[in-house]
$ cat run19.csv   # CSV, C-alpha atoms
chain,number,residue,atom,x,y,z
A,1,MET,CA,116.5,255.7,-75.6
A,2,THR,CA,116.4,257.4,-72.2
A,3,ALA,CA,119.1,259.8,-73.2
A,4,ILE,CA,117.2,260.8,-76.4
A,5,LEU,CA,114.0,261.4,-74.3
A,6,SER,CA,116.0,263.4,-71.9
A,7,TYR,CA,117.3,265.7,-74.6
A,8,ILE,CA,113.8,266.1,-76.0
A,9,SER,CA,112.3,266.9,-72.6
A,10,ALA,CA,115.1,269.5,-72.1
A,11,MET,CA,114.2,271.2,-75.4
A,12,ILE,CA,110.5,271.6,-74.7
A,13,PRO,CA,110.7,274.5,-72.2
A,14,TYR,CA,112.9,276.5,-74.6
A,15,MET,CA,110.5,275.9,-77.5
A,16,ILE,CA,107.5,276.9,-75.3
A,17,ILE,CA,109.2,280.2,-74.4
A,18,ALA,CA,110.4,280.8,-78.0
A,19,LEU,CA,107.0,280.2,-79.7
A,20,PRO,CA,105.2,283.5,-78.8
A,21,ILE,CA,108.4,285.4,-79.6
A,22,ILE,CA,108.7,283.8,-83.0
A,23,LEU,CA,105.0,284.4,-83.7
A,24,LEU,CA,105.3,288.0,-82.7
A,25,PHE,CA,108.5,288.5,-84.8
A,26,ARG,CA,106.8,286.8,-87.9
A,27,TYR,CA,103.7,289.1,-87.4
A,28,ILE,CA,105.9,292.2,-87.2
A,29,TYR,CA,108.1,291.1,-90.1
A,30,ASN,CA,105.1,290.4,-92.4
A,31,ARG,CA,103.5,293.7,-91.5
A,32,MET,CA,106.7,295.6,-92.2
A,33,ARG,CA,107.1,293.9,-95.5
A,34,GLY,CA,103.5,294.8,-96.4
A,35,TYR,CA,102.3,291.2,-96.6
A,36,ARG,CA,98.6,291.4,-95.9
A,37,LYS,CA,98.0,287.7,-96.3
A,38,PRO,CA,101.2,285.7,-96.1
A,39,ASN,CA,101.3,282.1,-97.3
A,40,ALA,CA,100.1,280.1,-94.3
A,41,TYR,CA,102.2,277.0,-95.2
A,42,HIS,CA,105.3,279.0,-95.5
A,43,GLU,CA,104.7,280.7,-92.2
A,44,MET,CA,104.1,277.4,-90.5
A,45,GLY,CA,107.3,276.1,-92.0
A,46,VAL,CA,109.3,279.1,-90.8
A,47,VAL,CA,107.8,278.7,-87.3
A,48,VAL,CA,108.7,275.0,-87.2
A,49,PHE,CA,112.2,275.8,-88.5
A,50,SER,CA,112.7,278.5,-85.9
A,51,LEU,CA,111.5,276.2,-83.1
A,52,PHE,CA,113.8,273.5,-84.4
A,53,MET,CA,116.8,275.9,-84.3
A,54,THR,CA,115.7,277.0,-80.8
A,55,ALA,CA,115.7,273.3,-79.7
A,56,LEU,CA,119.1,272.7,-81.4
A,57,PHE,CA,120.7,275.7,-79.8
A,58,SER,CA,119.2,274.9,-76.4
A,59,GLN,CA,121.2,271.7,-76.3
A,60,THR,CA,124.4,272.9,-77.9
A,61,ILE,CA,125.1,276.5,-76.9
A,62,LEU,CA,122.7,277.6,-74.2
A,63,THR,CA,124.7,276.1,-71.5
A,64,PHE,CA,123.8,278.3,-68.6
A,65,LEU,CA,121.1,275.8,-67.8
A,66,TYR,CA,123.0,272.8,-69.1
A,67,THR,CA,122.5,269.7,-67.0
A,68,GLY,CA,124.6,267.2,-69.0
A,69,PRO,CA,128.0,265.9,-68.0
A,70,VAL,CA,130.4,268.7,-66.9
A,71,VAL,CA,133.5,269.0,-69.0
A,72,THR,CA,136.5,271.1,-67.7
A,73,ARG,CA,137.5,274.2,-69.6
A,74,SER,CA,140.7,272.9,-71.2
A,75,PHE,CA,141.8,272.0,-74.7
A,76,THR,CA,141.8,268.3,-73.8
A,77,ASN,CA,138.1,268.5,-74.6
A,78,LEU,CA,138.9,269.7,-78.1
A,79,ASN,CA,139.2,267.0,-80.8
A,80,LEU,CA,141.0,268.1,-83.9
A,81,VAL,CA,141.7,264.5,-85.1
A,82,PRO,CA,139.3,263.8,-88.0
A,83,PHE,CA,137.4,260.5,-88.0
A,84,ARG,CA,138.3,259.8,-84.3
A,85,VAL,CA,134.6,259.2,-83.8
A,86,PHE,CA,134.9,255.8,-85.6
A,87,VAL,CA,137.7,254.6,-83.2
A,88,ASP,CA,135.9,255.9,-80.1
A,89,ASN,CA,132.6,254.2,-81.1
A,90,TYR,CA,134.3,251.0,-82.1
A,91,HIS,CA,136.0,250.7,-78.7
A,92,ALA,CA,132.8,251.6,-76.9
A,93,ILE,CA,130.8,249.0,-78.7
A,94,SER,CA,133.4,246.2,-79.0
A,95,GLU,CA,135.0,246.4,-75.6
A,96,LEU,CA,132.2,247.8,-73.4
A,97,GLN,CA,129.1,246.8,-75.3
A,98,PHE,CA,128.1,250.4,-74.9
A,99,TRP,CA,126.0,251.7,-77.8
A,100,GLN,CA,125.0,255.1,-76.5
A,101,PRO,CA,128.0,257.1,-77.9
A,102,PHE,CA,127.2,255.6,-81.4
A,103,ILE,CA,123.5,256.5,-81.1
A,104,ILE,CA,124.0,260.0,-79.5
A,105,ASN,CA,127.3,261.2,-81.0
A,106,PHE,CA,127.4,259.5,-84.4
A,107,LEU,CA,123.8,259.1,-85.5
A,108,GLY,CA,122.6,262.0,-83.4
A,109,ASN,CA,124.9,264.5,-85.1
A,110,ILE,CA,123.7,263.3,-88.5
A,111,ILE,CA,120.0,263.1,-87.7
A,112,ILE,CA,119.8,266.4,-85.9
A,113,PHE,CA,121.0,268.4,-89.0
A,114,MET,CA,118.7,266.6,-91.5
A,115,PRO,CA,115.8,269.0,-90.9
A,116,ILE,CA,118.1,271.9,-91.7
A,117,GLY,CA,119.0,270.3,-95.1
A,118,PHE,CA,115.4,269.6,-95.8
A,119,LEU,CA,113.7,272.8,-94.5
A,120,ILE,CA,116.1,275.4,-95.9
A,121,PRO,CA,115.5,274.7,-99.6
A,122,LEU,CA,111.8,274.0,-98.9
A,123,LEU,CA,111.2,277.4,-97.3
A,124,TRP,CA,113.7,279.6,-99.1
A,125,ARG,CA,114.1,279.1,-102.9
A,126,LYS,CA,117.4,281.1,-102.9
A,127,PHE,CA,118.9,278.2,-101.0
A,128,ASN,CA,117.6,275.5,-103.4
A,129,ARG,CA,121.2,274.5,-104.3
A,130,PHE,CA,123.3,271.6,-102.9
A,131,TRP,CA,126.3,273.8,-102.1
A,132,LYS,CA,124.2,276.5,-100.4
A,133,VAL,CA,122.4,274.1,-98.1
A,134,ASN,CA,125.6,272.3,-97.2
A,135,LEU,CA,127.5,275.6,-96.6
A,136,THR,CA,124.7,276.8,-94.4
A,137,GLY,CA,124.7,273.6,-92.4
A,138,PHE,CA,128.5,273.6,-92.1
A,139,CYS,CA,128.4,277.3,-90.9
A,140,ILE,CA,125.8,276.5,-88.3
A,141,SER,CA,127.8,273.5,-87.1
A,142,LEU,CA,131.0,275.6,-87.0
A,143,PHE,CA,129.2,278.3,-85.0
A,144,ILE,CA,128.0,275.7,-82.5
A,145,GLU,CA,131.5,274.1,-82.2
A,146,THR,CA,133.3,277.4,-81.9
A,147,THR,CA,130.8,278.6,-79.2
A,148,GLN,CA,131.3,275.4,-77.3
A,149,LEU,CA,135.0,276.1,-77.0
A,150,THR,CA,134.2,278.9,-74.5
A,151,GLN,CA,131.8,276.8,-72.5
A,152,VAL,CA,131.8,273.7,-70.3
A,153,ARG,CA,131.3,271.5,-73.3
A,154,SER,CA,133.6,269.6,-75.7
A,155,SER,CA,134.2,270.6,-79.3
A,156,ASP,CA,134.9,268.0,-82.0
A,157,VAL,CA,136.0,268.3,-85.6
A,158,ASP,CA,134.0,265.1,-86.4
A,159,ASP,CA,130.8,267.0,-85.4
A,160,LEU,CA,131.4,269.3,-88.4
A,161,TRP,CA,131.4,266.6,-91.0
A,162,LEU,CA,128.7,264.6,-89.3
A,163,ASN,CA,126.4,267.6,-89.2
A,164,THR,CA,127.2,268.5,-92.8
A,165,LEU,CA,126.5,264.9,-93.8
A,166,GLY,CA,123.1,265.3,-92.0
A,167,CYS,CA,122.4,268.4,-94.1
A,168,THR,CA,123.3,266.5,-97.2
A,169,LEU,CA,120.9,263.7,-96.4
A,170,GLY,CA,118.2,266.2,-95.5
A,171,TYR,CA,118.7,267.9,-98.8
A,172,GLN,CA,118.7,264.6,-100.7
A,173,THR,CA,115.4,263.8,-99.0
A,174,TYR,CA,114.0,267.1,-100.1
A,175,ILE,CA,115.1,266.5,-103.7
A,176,PHE,CA,113.6,263.0,-103.6
A,177,ILE,CA,110.2,264.3,-102.4
A,178,LYS,CA,110.3,267.2,-104.8
A,179,LYS,CA,110.7,264.8,-107.7
A,180,LYS,CA,107.8,262.7,-106.5
A,181,ASP,CA,105.6,265.8,-105.9
A,182,ALA,CA,106.1,268.7,-108.3
A,183,SER,CA,104.1,271.1,-106.1
A,184,ILE,CA,106.9,271.1,-103.5
A,185,GLY,CA,109.5,273.8,-103.8

$ encode --input "run19.csv" --output "structure tokens"
Amino acid sequence: MTAILSYISAMIPYMIIALPIILLFRYIYNRMRGYRKPNAYHEMGVVVFSLFMTALFSQTILTFLYTGPVVTRSFTNLNLVPFRVFVDNYHAISELQFWQPFIINFLGNIIIFMPIGFLIPLLWRKFNRFWKVNLTGFCISLFIETTQLTQVRSSDVDDLWLNTLGCTLGYQTYIFIKKKDASIG
């Protein structure tokens, strides 16, 4: 739990800095598009989504202020073996009684992408298709993992499918809520 709170507290300064920039950008965007009175709910959703993406990128690719464990710049920190996360987590739990890798790496990679799968179709009707949401989530994850190759971070093929699974679960949550409330989407 401490690790999760640590990540959240590290995200907050980025979000505070990003908020006025996002608001200014949305104001200029709406003025340029000629929207006199944009939909307030949509605008709030876009701001929340933008803040979420800022928080995500602050912990994954903005490493110049990174305070986590230092990883050397070598390809030993590159995992190209699919589903290795199951073996690693099994050993951490069964041999060391250490649950943090499972919570942070396995569940965290799924949960952190659920808002993407939920918010994208909610905010942009063009993306209200399963394949579009999952392709977007996969591309965001691929961008993060590729960027991490050049930094003091590790890159893992398992993160790609775990993140995409998170998008899928977020999209399924959106579909479930949409069926319950026809005014959504």

$ closest_residue --input "run19.csv" --among "A:Leu160, A:Val133, A:Val48, A:Ile4" --to "Thr146 (chain A)" --atoms "only C-alpha atoms"
A:Leu160

$ residues_around --input "run19.csv" --residues "region 168-176 of chain A" --least-positions-apart "6" --cutoff "9 Å" --atoms "only C-alpha atoms" --output "MDAnalysis selection string"
chainID A and resid 110:111 113:122 128:130 133:134 137 184:185

$ atom_distance --input "run19.csv" --atom1 "CA of Thr164 (chain A)" --atom2 "CA of Ser141 (chain A)"
7.6 Å

$ residues_around --input "run19.csv" --residues "Tyr7 (chain A)" --least-positions-apart "5" --cutoff "10 Å" --atoms "all atoms listed in the file" --output "number ranges by chain"
A: 2, 12, 55-56, 58-59, 68

$ atom_distance --input "run19.csv" --atom1 "CA of Asn79 (chain A)" --atom2 "CA of Leu51 (chain A)"
29.3 Å

$ atom_distance --input "run19.csv" --atom1 "CA of Val46 (chain A)" --atom2 "CA of Met15 (chain A)"
13.7 Å

$ residues_near_point --input "run19.csv" --point "(125.8, 272.9, -78.6)" --cutoff "8 Å" --atoms "all atoms listed in the file" --output "PyMOL selection string"
chain A and resi 56-63+144-145+147-148+153

$ closest_residue --input "run19.csv" --among "A:Asn30, A:Trp124, A:Ala92, A:Ser9" --to "Phe49 (chain A)" --atoms "only C-alpha atoms"
A:Trp124

$ closest_residue --input "run19.csv" --among "A:Leu24, A:Val85, A:Leu96, A:Ile103" --to "Trp161 (chain A)" --atoms "only C-alpha atoms"
A:Val85
